[in-house]
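query.csv follows (CSV, C-alpha atoms):
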```
chain,number,residue,atom,x,y,z
A,1,MET,CA,37.9,-7.7,8.3
A,2,GLY,CA,38.3,-5.9,11.6
A,3,ASP,CA,40.9,-6.3,14.2
A,4,VAL,CA,40.1,-9.1,16.7
A,5,THR,CA,41.4,-9.0,20.2
A,6,THR,CA,40.6,-11.3,23.2
A,7,GLN,CA,40.6,-9.6,26.6
A,8,PRO,CA,40.0,-11.4,29.8
A,9,SER,CA,37.3,-9.8,31.8
A,10,PRO,CA,37.2,-9.3,35.6
A,11,SER,CA,35.6,-12.1,37.6
A,12,GLY,CA,31.8,-11.7,37.7
A,13,SER,CA,31.7,-8.8,35.3
A,14,ASP,CA,31.0,-10.8,32.1
A,15,PRO,CA,29.2,-14.1,32.0
A,16,VAL,CA,30.9,-15.1,28.8
A,17,PRO,CA,34.7,-15.8,29.3
A,18,ASN,CA,37.3,-14.5,26.9
A,19,ARG,CA,34.8,-12.6,24.8
A,20,ILE,CA,36.1,-11.5,21.4
A,21,HIS,CA,36.0,-7.7,20.9
A,22,ALA,CA,36.1,-7.0,17.2
A,23,ARG,CA,36.8,-3.5,15.9
A,24,PRO,CA,35.4,-2.6,12.5
A,25,VAL,CA,37.8,-1.6,9.8
A,26,PRO,CA,37.6,2.2,9.2
A,27,ARG,CA,36.0,3.1,5.9
A,28,PRO,CA,36.7,6.8,5.2
A,29,GLY,CA,34.9,6.5,1.8
A,30,ARG,CA,31.6,6.2,3.7
A,31,LEU,CA,32.2,9.4,5.6
A,32,VAL,CA,33.1,11.2,2.4
A,33,ALA,CA,30.0,9.9,0.7
A,34,ALA,CA,27.8,10.9,3.6
A,35,ALA,CA,29.3,14.4,3.7
A,36,ILE,CA,28.6,14.8,0.0
A,37,VAL,CA,25.0,13.7,0.4
A,38,LEU,CA,24.5,16.1,3.3
A,39,VAL,CA,25.9,19.0,1.3
A,40,LEU,CA,23.6,18.2,-1.7
A,41,ALA,CA,20.6,17.8,0.7
A,42,ALA,CA,21.4,21.2,2.3
A,43,MET,CA,21.7,22.8,-1.2
A,44,ALA,CA,18.3,21.3,-2.2
A,45,ALA,CA,16.6,22.6,1.0
A,46,ASN,CA,18.1,26.0,0.5
A,47,ALA,CA,16.9,26.1,-3.1
A,48,LEU,CA,13.3,25.3,-1.9
A,49,VAL,CA,13.2,27.7,1.1
A,50,THR,CA,14.9,30.8,-0.4
A,51,ASN,CA,13.2,30.7,-3.9
A,52,GLN,CA,10.5,33.4,-3.8
A,53,ASN,CA,8.7,31.9,-6.8
A,54,PHE,CA,7.3,29.2,-4.6
A,55,ARG,CA,5.4,31.9,-2.7
A,56,TRP,CA,5.5,30.1,0.7
A,57,ASP,CA,3.3,32.9,2.2
A,58,VAL,CA,0.5,31.8,-0.1
A,59,VAL,CA,1.2,28.1,0.7
A,60,TRP,CA,0.8,28.6,4.5
A,61,LEU,CA,-2.2,30.9,4.0
A,62,TYR,CA,-4.2,28.4,1.9
A,63,LEU,CA,-2.9,25.1,3.3
A,64,ARG,CA,-5.9,24.7,5.6
A,65,ASP,CA,-8.4,26.4,3.4
A,66,VAL,CA,-11.9,24.9,3.5
A,67,VAL,CA,-11.9,24.1,-0.2
A,68,ILE,CA,-8.5,22.4,0.1
A,69,VAL,CA,-9.6,20.4,3.2
A,70,ARG,CA,-12.8,19.3,1.4
A,71,GLY,CA,-10.7,18.1,-1.5
A,72,VAL,CA,-8.6,16.1,0.9
A,73,MET,CA,-11.7,14.5,2.4
A,74,TRP,CA,-13.0,13.5,-1.1
A,75,THR,CA,-9.6,12.1,-2.0
A,76,LEU,CA,-9.6,9.9,1.1
A,77,ILE,CA,-13.1,8.8,0.4
A,78,LEU,CA,-12.3,7.8,-3.1
A,79,THR,CA,-9.1,6.1,-2.0
A,80,PHE,CA,-10.4,3.9,0.8
A,81,GLY,CA,-13.8,3.3,-0.9
A,82,SER,CA,-12.3,2.1,-4.1
A,83,MET,CA,-9.7,0.0,-2.3
A,84,ALA,CA,-12.4,-1.7,-0.2
A,85,ILE,CA,-14.4,-2.6,-3.3
A,86,ALA,CA,-11.2,-3.7,-5.1
A,87,VAL,CA,-10.1,-6.0,-2.3
A,88,VAL,CA,-13.5,-7.8,-2.3
A,89,LEU,CA,-13.4,-8.2,-6.0
A,90,ALA,CA,-9.7,-9.2,-6.0
A,91,VAL,CA,-10.3,-12.0,-3.5
A,92,THR,CA,-13.2,-13.2,-5.5
A,93,LEU,CA,-11.3,-13.1,-8.8
A,94,ALA,CA,-8.3,-14.9,-7.3
A,95,ILE,CA,-10.5,-17.7,-6.0
A,96,MET,CA,-12.1,-17.9,-9.4
A,97,ARG,CA,-8.7,-18.3,-11.0
A,98,ARG,CA,-8.0,-21.3,-8.8
A,99,SER,CA,-11.5,-22.9,-9.4
A,100,ASP,CA,-11.9,-26.2,-11.2
A,101,ASN,CA,-14.8,-24.6,-13.2
A,102,PRO,CA,-13.4,-23.4,-16.6
A,103,VAL,CA,-16.1,-20.7,-16.9
A,104,MET,CA,-15.0,-19.2,-13.6
A,105,ARG,CA,-11.3,-19.3,-14.6
A,106,TRP,CA,-11.9,-17.7,-18.0
A,107,VAL,CA,-14.2,-15.0,-16.7
A,108,SER,CA,-11.6,-14.1,-14.1
A,109,TRP,CA,-8.8,-14.1,-16.7
A,110,ALA,CA,-10.9,-11.9,-19.1
A,111,TRP,CA,-11.6,-9.4,-16.3
A,112,ILE,CA,-7.9,-9.1,-15.4
A,113,TRP,CA,-6.8,-9.0,-19.0
A,114,PHE,CA,-9.1,-6.1,-19.9
A,115,PHE,CA,-8.6,-3.9,-16.9
A,116,ARG,CA,-4.8,-4.4,-16.7
A,117,GLY,CA,-4.5,-4.0,-20.5
A,118,THR,CA,-6.0,-0.6,-20.8
A,119,PRO,CA,-4.9,2.7,-19.2
A,120,ILE,CA,-6.8,3.9,-16.2
A,121,TYR,CA,-7.3,7.3,-17.7
A,122,THR,CA,-9.0,5.8,-20.8
A,123,GLN,CA,-11.2,3.7,-18.6
A,124,LEU,CA,-12.3,6.7,-16.6
A,125,ILE,CA,-13.2,8.6,-19.8
A,126,PHE,CA,-15.4,5.7,-20.8
A,127,TRP,CA,-17.0,5.7,-17.4
A,128,GLY,CA,-17.7,9.4,-17.8
A,129,LEU,CA,-19.4,8.6,-21.1
A,130,LEU,CA,-21.5,5.8,-19.7
A,131,ALA,CA,-24.7,7.8,-19.8
A,132,VAL,CA,-24.0,8.6,-23.5
A,133,LEU,CA,-23.3,5.0,-24.4
A,134,TYR,CA,-26.2,3.6,-22.3
A,135,PRO,CA,-28.7,6.4,-21.4
A,136,ARG,CA,-31.0,3.7,-19.8
A,137,LEU,CA,-29.9,0.6,-17.9
A,138,SER,CA,-32.2,-2.3,-17.0
A,139,LEU,CA,-32.1,-5.7,-15.3
A,140,GLY,CA,-33.9,-8.6,-16.8
A,141,ILE,CA,-33.6,-11.7,-19.0
A,142,PRO,CA,-31.4,-11.2,-22.1
A,143,PHE,CA,-33.6,-10.8,-25.2
A,144,GLY,CA,-36.6,-11.2,-22.8
A,145,PRO,CA,-38.7,-9.3,-20.3
A,146,GLU,CA,-37.1,-6.5,-18.1
A,147,PHE,CA,-37.6,-6.6,-14.4
A,148,PHE,CA,-36.8,-2.9,-13.8
A,149,SER,CA,-35.0,-0.1,-15.5
A,150,PHE,CA,-33.6,3.4,-14.7
A,151,ARG,CA,-31.9,6.3,-16.3
A,152,THR,CA,-28.2,6.2,-16.0
A,153,ASP,CA,-27.8,9.8,-15.0
A,154,ASP,CA,-30.3,9.5,-12.2
A,155,VAL,CA,-28.5,6.7,-10.3
A,156,LEU,CA,-24.8,6.7,-11.4
A,157,THR,CA,-23.5,10.2,-10.6
A,158,ALA,CA,-19.9,11.3,-11.2
A,159,PHE,CA,-18.8,10.2,-7.8
A,160,TRP,CA,-20.1,6.6,-8.2
A,161,LEU,CA,-18.7,6.4,-11.7
A,162,ALA,CA,-15.3,7.5,-10.4
A,163,LEU,CA,-15.4,5.1,-7.5
A,164,PHE,CA,-16.3,2.1,-9.6
A,165,GLY,CA,-13.8,3.0,-12.3
A,166,LEU,CA,-11.0,3.2,-9.8
A,167,ALA,CA,-12.1,0.0,-8.0
A,168,PHE,CA,-12.5,-2.1,-11.1
A,169,ASN,CA,-9.1,-1.2,-12.4
A,170,GLU,CA,-7.4,-1.8,-9.1
A,171,SER,CA,-9.2,-5.1,-8.6
A,172,ALA,CA,-7.3,-6.6,-11.6
A,173,TYR,CA,-3.9,-5.8,-10.1
A,174,LEU,CA,-4.9,-6.9,-6.6
A,175,ALA,CA,-6.3,-10.1,-7.9
A,176,GLU,CA,-2.8,-11.1,-9.1
A,177,ILE,CA,-1.4,-10.1,-5.7
A,178,VAL,CA,-3.9,-12.2,-3.9
A,179,ARG,CA,-3.4,-15.1,-6.2
A,180,ALA,CA,0.4,-15.0,-5.6
A,181,GLY,CA,-0.3,-14.9,-1.8
A,182,LEU,CA,-2.6,-17.9,-2.0
A,183,THR,CA,-0.1,-19.8,-4.1
A,184,SER,CA,2.7,-19.2,-1.6
A,185,VAL,CA,0.9,-21.3,1.1
A,186,ASP,CA,2.1,-24.9,1.2
A,187,PRO,CA,-0.5,-27.3,-0.4
A,188,GLY,CA,0.0,-29.5,2.5
A,189,GLN,CA,-1.9,-27.1,4.7
A,190,THR,CA,-5.0,-27.6,2.6
A,191,GLU,CA,-4.6,-31.4,2.6
A,192,ALA,CA,-4.2,-31.4,6.4
A,193,ALA,CA,-7.3,-29.3,6.8
A,194,LYS,CA,-9.3,-31.6,4.5
A,195,ALA,CA,-8.1,-34.6,6.5
A,196,LEU,CA,-9.7,-32.9,9.6
A,197,GLY,CA,-13.0,-32.6,7.8
A,198,MET,CA,-13.0,-28.9,7.1
A,199,LYS,CA,-14.9,-27.6,4.1
A,200,ASP,CA,-13.3,-25.6,1.3
A,201,GLY,CA,-14.7,-22.3,2.4
A,202,LYS,CA,-13.6,-22.7,5.9
A,203,ILE,CA,-10.2,-23.8,4.8
A,204,MET,CA,-9.8,-20.6,2.7
A,205,ARG,CA,-10.9,-18.4,5.6
A,206,ARG,CA,-9.2,-20.1,8.5
A,207,VAL,CA,-6.1,-21.7,7.0
A,208,ILE,CA,-5.1,-20.2,3.6
A,209,LEU,CA,-5.9,-16.5,3.8
A,210,PRO,CA,-4.3,-15.9,7.3
A,211,GLN,CA,-1.0,-17.3,6.1
A,212,ALA,CA,-1.2,-15.6,2.7
A,213,MET,CA,-1.6,-12.2,4.3
A,214,ARG,CA,2.2,-12.1,4.9
A,215,VAL,CA,2.7,-12.0,1.1
A,216,ILE,CA,-0.5,-10.0,0.3
A,217,VAL,CA,-0.2,-7.0,2.7
A,218,PRO,CA,3.1,-5.3,1.5
A,219,PRO,CA,2.1,-4.9,-2.1
A,220,THR,CA,-1.5,-4.1,-1.1
A,221,GLY,CA,-0.1,-1.2,1.0
A,222,ASN,CA,1.9,0.0,-2.0
A,223,GLU,CA,-1.3,-0.2,-4.2
A,224,THR,CA,-3.2,1.9,-1.6
A,225,ILE,CA,-0.6,4.6,-1.7
A,226,SER,CA,-0.6,4.5,-5.5
A,227,MET,CA,-4.5,4.7,-5.4
A,228,LEU,CA,-4.2,7.9,-3.3
A,229,LYS,CA,-2.4,9.6,-6.2
A,230,THR,CA,-4.4,7.9,-8.9
A,231,THR,CA,-7.5,9.7,-7.6
A,232,SER,CA,-6.1,12.8,-9.3
A,233,LEU,CA,-7.2,11.3,-12.6
A,234,VAL,CA,-10.9,11.3,-11.8
A,235,VAL,CA,-11.2,14.7,-13.6
A,236,ALA,CA,-11.7,12.5,-16.7
A,237,VAL,CA,-15.1,11.4,-15.4
A,238,PRO,CA,-15.4,14.4,-14.6
A,239,LEU,CA,-15.3,14.7,-10.8
A,240,THR,CA,-14.2,18.1,-9.6
A,241,PHE,CA,-14.1,17.5,-5.8
A,242,GLU,CA,-10.8,15.9,-5.2
A,243,LEU,CA,-7.6,17.5,-4.1
A,244,THR,CA,-5.7,18.0,-7.3
A,245,TYR,CA,-8.5,19.6,-9.2
A,246,ALA,CA,-9.5,21.8,-6.2
A,247,THR,CA,-5.9,23.2,-5.9
A,248,SER,CA,-5.5,23.6,-9.7
A,249,ALA,CA,-8.8,25.5,-9.9
A,250,MET,CA,-7.9,27.9,-7.1
A,251,GLY,CA,-4.4,28.4,-8.5
A,252,ASN,CA,-5.8,29.3,-12.0
A,253,ARG,CA,-8.3,31.7,-10.6
A,254,GLN,CA,-5.6,33.6,-8.7
A,255,PHE,CA,-2.9,33.2,-11.4
A,256,LEU,CA,-0.7,31.4,-8.9
A,257,PRO,CA,-0.5,27.7,-10.0
A,258,ILE,CA,2.8,26.9,-8.4
A,259,PRO,CA,2.0,27.5,-4.7
A,260,PHE,CA,-1.3,25.6,-5.0
A,261,LEU,CA,0.5,22.7,-6.6
A,262,VAL,CA,2.9,22.8,-3.6
A,263,ILE,CA,-0.1,22.7,-1.3
A,264,ALA,CA,-1.4,19.6,-3.0
A,265,ALA,CA,2.0,18.0,-2.9
A,266,LEU,CA,2.3,18.6,0.9
A,267,TRP,CA,-1.1,17.1,1.6
A,268,TYR,CA,-0.2,14.0,-0.5
A,269,LEU,CA,3.1,13.7,1.3
A,270,LEU,CA,1.4,13.9,4.7
A,271,ILE,CA,-1.3,11.2,3.9
A,272,THR,CA,1.3,9.0,2.3
A,273,SER,CA,3.5,9.2,5.3
A,274,ILE,CA,0.6,8.1,7.6
A,275,LEU,CA,-0.2,5.2,5.3
A,276,MET,CA,3.4,4.1,5.2
A,277,VAL,CA,3.5,3.9,9.0
A,278,GLY,CA,0.3,1.9,9.1
A,279,GLN,CA,1.7,-0.4,6.4
A,280,HIS,CA,4.8,-1.0,8.5
A,281,TYR,CA,2.8,-2.1,11.6
A,282,LEU,CA,0.6,-4.3,9.4
A,283,GLU,CA,3.6,-6.0,7.9
A,284,GLN,CA,5.0,-6.6,11.4
A,285,TYR,CA,1.7,-8.1,12.6
A,286,TYR,CA,1.2,-10.5,9.7
A,287,GLY,CA,5.0,-11.3,9.6
A,288,ARG,CA,5.1,-12.8,13.1
A,289,GLY,CA,6.5,-16.3,13.1
A,290,PHE,CA,8.1,-16.0,9.7
A,291,GLY,CA,11.6,-14.7,10.7
A,292,THR,CA,10.6,-11.0,10.4
A,293,THR,CA,11.0,-10.0,14.0
A,294,THR,CA,12.5,-6.7,14.8
A,295,ARG,CA,14.7,-5.6,17.7
A,296,ARG,CA,12.7,-4.1,20.5
A,297,ARG,CA,13.8,-1.2,22.6
A,298,GLY,CA,15.9,-2.2,25.5
A,299,ARG,CA,16.6,-5.8,24.3
A,300,GLY,CA,19.7,-7.2,22.7
A,301,ARG,CA,21.6,-3.9,22.9
A,302,GLY,CA,25.2,-3.5,23.7
A,303,PRO,CA,28.0,-6.0,23.0
A,304,GLY,CA,26.9,-9.5,23.6
A,305,GLY,CA,23.4,-8.6,24.8
A,306,LYS,CA,21.9,-11.8,23.5
A,307,GLN,CA,24.8,-14.0,24.8
A,308,ALA,CA,24.5,-12.4,28.2
A,309,ALA,CA,20.8,-13.0,28.3
A,310,ILE,CA,21.2,-16.7,27.5
A,311,ALA,CA,24.0,-17.1,30.1
A,312,ALA,CA,22.0,-15.2,32.7
A,313,ALA,CA,18.9,-17.5,32.1
A,314,GLY,CA,20.9,-20.5,33.3
A,315,THR,CA,19.3,-22.8,30.7
A,316,VAL,CA,22.6,-23.8,29.1
A,317,GLN,CA,25.1,-25.9,31.0
A,318,GLU,CA,28.6,-24.9,30.2
A,319,ASP,CA,31.2,-27.6,29.5
A,320,VAL,CA,33.9,-27.2,32.1
A,321,ASN,CA,36.2,-29.4,30.1
A,322,ARG,CA,36.1,-27.4,26.9
A,323,GLU,CA,39.2,-25.6,25.7
A,324,VAL,CA,39.1,-21.9,25.1
A,325,THR,CA,41.5,-20.6,22.5
A,326,PRO,CA,42.8,-17.2,23.4
```

Using C-alpha cells, write down the structure from this file.
Amino acid sequence: MGDVTTQPSPSGSDPVPNRIHARPVPRPGRLVAAAIVLVLAAMAANALVTNQNFRWDVVWLYLRDVVIVRGVMWTLILTFGSMAIAVVLAVTLAIMRRSDNPVMRWVSWAWIWFFRGTPIYTQLIFWGLLAVLYPRLSLGIPFGPEFFSFRTDDVLTAFWLALFGLAFNESAYLAEIVRAGLTSVDPGQTEAAKALGMKDGKIMRRVILPQAMRVIVPPTGNETISMLKTTSLVVAVPLTFELTYATSAMGNRQFLPIPFLVIAALWYLLITSILMVGQHYLEQYYGRGFGTTTRRRGRGRGPGGKQAAIAAAGTVQEDVNREVTP
C-alpha cells in the first residue's frame, strides 16, 4: 500500500474537505523490467534495419508496384466478400440451431461439423477440383427432370470458387459465435416482447440481435483479421491474384524472395492495423450501456476529478453534522 496523508486545503480551493492524497509505493522492479524490454526492442529494430539481406532498397522500390497493389485489392475483395457471405450464413445457421424443427437443427449441426472438422486448405483443394468431380451442374427434381444445367467451368471461375470456399468455412465458425451471442441475451427479453404481441422475426431483429451484438462483434472482428491472412491459401484453388502469390511470384522471378515477403508482411500489417481500429470503435458503439465506457479527453482527469465534478454540480447535500477523521 502507499503512504496516505491528509492535508487541509485552503478555503475555496478544493470542494472536498480533507482530501486523502495517496502516494503509490515505488516499484523499482517495474523500471528495471521496462528498461530491459526497451533494450531488447532496440536490438530487434537494429537487427532489422542494419541487416543488408532484407534489401530495404528493393522493398521501398516495389512496395507500391502496380502488381502488388492489385494483389492487395484482390485480397481485400476476397476478405470482405467472403465475410459478408459468411455473416449471412452464420446468422441463418445460428437461428436454425435454435429452431424447434429437428431437420433445421440437424442440418445446421452437420454443416458446422463438416466445415469446422476439415482443414481450410483441404477444402479449397476440393473446391478447385469441383469441375473435375462435377463437370456439369444442374437444378431439378432428384431422380427426375432437370430445369436447367450448365458447365461448371463456364460459371464457377477460380475467383468464385475461392470466395465460396472461404465463406462456407468461415460461416461454421461465425455460426457458433452468433449462437453464443444469441444465448447471452436474457430469455426474459423474448418473453416480454411476446407479451407485447411481437412476432418471432421482429423479436430477433429488434430485441435479440441488437443486444447480442455486444458479444458477437469482438470475435467477429478477430475472424475478419484472420480471414485477411487466410486468403493467402487460395492458391490451392488455384487463384493467383491475391497478395501472397503476387509477391512470391515476383520474388522468384527476380531471385529475391525475402524483400518481397517483407512487402507482403508490411501490407498485411497496414490492413490489419486499420481493421483493429475499426473493431475498437465498433466494440465501443455496441458496448454502450454495458459498463464498457471509456474515459473521454478532458473529463475525470487529475486528482479527484469525478468527486470535484459531483460536488460542483450541487446535486448532493453534504451532511454538516458528519465527523471527518483526519

* **Long-range neighbours of segment 119-125 of chain A as a PyMOL selection string, 8 Å cut-off, all atoms listed in the file, 6 positions minimum in chain** => chain A and resi 162+165-166+169+233-234+236-237

* Asked: Smallest atom-to-atom distance to Ala84 of chain A: which of A:Thr190, A:Thr224, A:Thr183, A:Gln52, using all atoms listed in the file?
  ->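 Residue with the minimum atom-to-atom distance to Ala84 of chain A: A:Thr224.
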
So that each row is one residue of segment 216-299 of chain A with an atom at most 12 Å from segment 144-161 of chain A, can you give its shortest atom pair and the distance in Å to one decimal, using only C-alpha atoms, rows by chain and rising number, as JSON lines?
```
{"residue": "A:Thr231", "atom": "CA", "partner": "A:Phe159", "partner_atom": "CA", "distance": 11.3}
{"residue": "A:Val234", "atom": "CA", "partner": "A:Phe159", "partner_atom": "CA", "distance": 8.9}
{"residue": "A:Val235", "atom": "CA", "partner": "A:Ala158", "partner_atom": "CA", "distance": 9.6}
{"residue": "A:Ala236", "atom": "CA", "partner": "A:Ala158", "partner_atom": "CA", "distance": 9.9}
{"residue": "A:Val237", "atom": "CA", "partner": "A:Ala158", "partner_atom": "CA", "distance": 6.4}
{"residue": "A:Pro238", "atom": "CA", "partner": "A:Ala158", "partner_atom": "CA", "distance": 6.4}
{"residue": "A:Leu239", "atom": "CA", "partner": "A:Ala158", "partner_atom": "CA", "distance": 5.7}
{"residue": "A:Thr240", "atom": "CA", "partner": "A:Ala158", "partner_atom": "CA", "distance": 9.0}
{"residue": "A:Phe241", "atom": "CA", "partner": "A:Phe159", "partner_atom": "CA", "distance": 8.9}
{"residue": "A:Glu242", "atom": "CA", "partner": "A:Phe159", "partner_atom": "CA", "distance": 10.2}
```

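Using all atoms listed in the file for every distance, the candidate list A:Met96, A:Pro210, A:Ala172, A:Val39 yields A:Ala172 as the residue closest to Trp113 of chain A.
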
* Calculate how many Å separate atom CA of Ile216 of chain A from atom CA of Ala94 of chain A, rounding to one decimal. => 11.9 Å

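For the atom pair formed by atom CA of Thr230 of chain A and atom CA of Phe80 of chain A, the distance is 12.1 Å, given to one decimal.
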
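In this model, the gap between atom CA of Ser232 of chain A and atom CA of Tyr245 of chain A comes to 7.2 Å.
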
* Would you please work out which residue, of A:Val67, A:Leu196, A:Arg97, A:Leu31, is nearest to Ser248 of chain A when using all atoms listed in the file? =>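 Counting all atoms listed in the file, the residue closest to Ser248 of chain A is A:Val67.
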
* **For Met276 of chain A: contacts at 9 Å, all atoms listed in the file, fewer than 3 positions along chain excluded, given as a VMD selection string** => chain A and resid 221 to 222 225 271 to 273 279 to 281

* To do: Please provide as a PyMOL selection string all residues within 9 Å of Ile112 of chain A, with the sequence filter that same-chain residues fewer than 3 positions apart are discarded (counting all atoms listed in the file).
  => chain A and resi 93+107-109+115-117+169+171-173+175-176

Generate the missing atoms of segment 160-169 of chain A up to all heavy atoms and report them as a CSV table (one decimal), keeping the file's coordinate frame.
```
chain,number,residue,atom,x,y,z
A,160,TRP,N,-20.0,8.1,-8.1
A,160,TRP,CA,-20.1,6.6,-8.2
A,160,TRP,C,-19.3,6.1,-9.4
A,160,TRP,O,-18.7,5.0,-9.4
A,160,TRP,CB,-21.5,6.2,-8.2
A,160,TRP,CG,-22.2,6.4,-7.0
A,160,TRP,CD1,-23.2,7.3,-6.7
A,160,TRP,CD2,-22.0,5.7,-5.7
A,160,TRP,NE1,-23.6,7.3,-5.4
A,160,TRP,CE2,-22.9,6.3,-4.8
A,160,TRP,CE3,-21.2,4.7,-5.3
A,160,TRP,CZ2,-22.9,5.8,-3.5
A,160,TRP,CZ3,-21.2,4.2,-4.0
A,160,TRP,CH2,-22.1,4.8,-3.1
A,161,LEU,N,-19.4,6.8,-10.5
A,161,LEU,CA,-18.7,6.4,-11.7
A,161,LEU,C,-17.2,6.4,-11.4
A,161,LEU,O,-16.4,5.5,-11.8
A,161,LEU,CB,-19.0,7.3,-12.9
A,161,LEU,CG,-20.4,7.2,-13.4
A,161,LEU,CD1,-20.7,8.2,-14.5
A,161,LEU,CD2,-20.7,5.8,-14.0
A,162,ALA,N,-16.7,7.4,-10.8
A,162,ALA,CA,-15.3,7.5,-10.4
A,162,ALA,C,-14.9,6.4,-9.5
A,162,ALA,O,-13.8,5.8,-9.6
A,162,ALA,CB,-14.9,8.9,-9.9
A,163,LEU,N,-15.7,6.2,-8.5
A,163,LEU,CA,-15.4,5.1,-7.5
A,163,LEU,C,-15.3,3.8,-8.1
A,163,LEU,O,-14.4,3.0,-7.9
A,163,LEU,CB,-16.5,5.2,-6.4
A,163,LEU,CG,-16.3,4.2,-5.2
A,163,LEU,CD1,-15.1,4.7,-4.3
A,163,LEU,CD2,-17.5,4.1,-4.3
A,164,PHE,N,-16.3,3.4,-8.9
A,164,PHE,CA,-16.3,2.1,-9.6
A,164,PHE,C,-15.2,2.0,-10.6
A,164,PHE,O,-14.6,0.9,-10.8
A,164,PHE,CB,-17.7,1.8,-10.2
A,164,PHE,CG,-18.8,1.6,-9.2
A,164,PHE,CD1,-20.0,2.2,-9.4
A,164,PHE,CD2,-18.6,0.8,-8.1
A,164,PHE,CE1,-21.1,2.0,-8.5
A,164,PHE,CE2,-19.6,0.6,-7.2
A,164,PHE,CZ,-20.8,1.2,-7.4
A,165,GLY,N,-14.9,3.1,-11.3
A,165,GLY,CA,-13.8,3.0,-12.3
A,165,GLY,C,-12.5,2.7,-11.6
A,165,GLY,O,-11.7,1.9,-12.1
A,166,LEU,N,-12.2,3.4,-10.5
A,166,LEU,CA,-11.0,3.2,-9.8
A,166,LEU,C,-10.9,1.7,-9.2
A,166,LEU,O,-9.9,1.1,-9.3
A,166,LEU,CB,-10.8,4.2,-8.7
A,166,LEU,CG,-10.6,5.6,-9.1
A,166,LEU,CD1,-10.6,6.6,-7.9
A,166,LEU,CD2,-9.3,5.8,-9.9
A,167,ALA,N,-12.1,1.3,-8.6
A,167,ALA,CA,-12.1,0.0,-8.0
A,167,ALA,C,-12.0,-1.1,-9.0
A,167,ALA,O,-11.2,-2.1,-8.7
A,167,ALA,CB,-13.4,-0.1,-7.2
A,168,PHE,N,-12.6,-1.1,-10.1
A,168,PHE,CA,-12.5,-2.1,-11.1
A,168,PHE,C,-11.1,-2.3,-11.7
A,168,PHE,O,-10.6,-3.4,-11.9
A,168,PHE,CB,-13.5,-1.9,-12.2
A,168,PHE,CG,-15.0,-2.1,-11.8
A,168,PHE,CD1,-16.0,-1.9,-12.7
A,168,PHE,CD2,-15.3,-2.5,-10.5
A,168,PHE,CE1,-17.3,-2.1,-12.3
A,168,PHE,CE2,-16.6,-2.7,-10.1
A,168,PHE,CZ,-17.6,-2.5,-11.0
A,169,ASN,N,-10.5,-1.1,-11.9
A,169,ASN,CA,-9.1,-1.2,-12.4
A,169,ASN,C,-8.2,-1.7,-11.4
A,169,ASN,O,-7.3,-2.6,-11.7
A,169,ASN,CB,-8.7,0.2,-12.8
A,169,ASN,CG,-7.3,0.3,-13.3
A,169,ASN,OD1,-6.3,0.6,-12.5
A,169,ASN,ND2,-7.0,0.0,-14.6
```
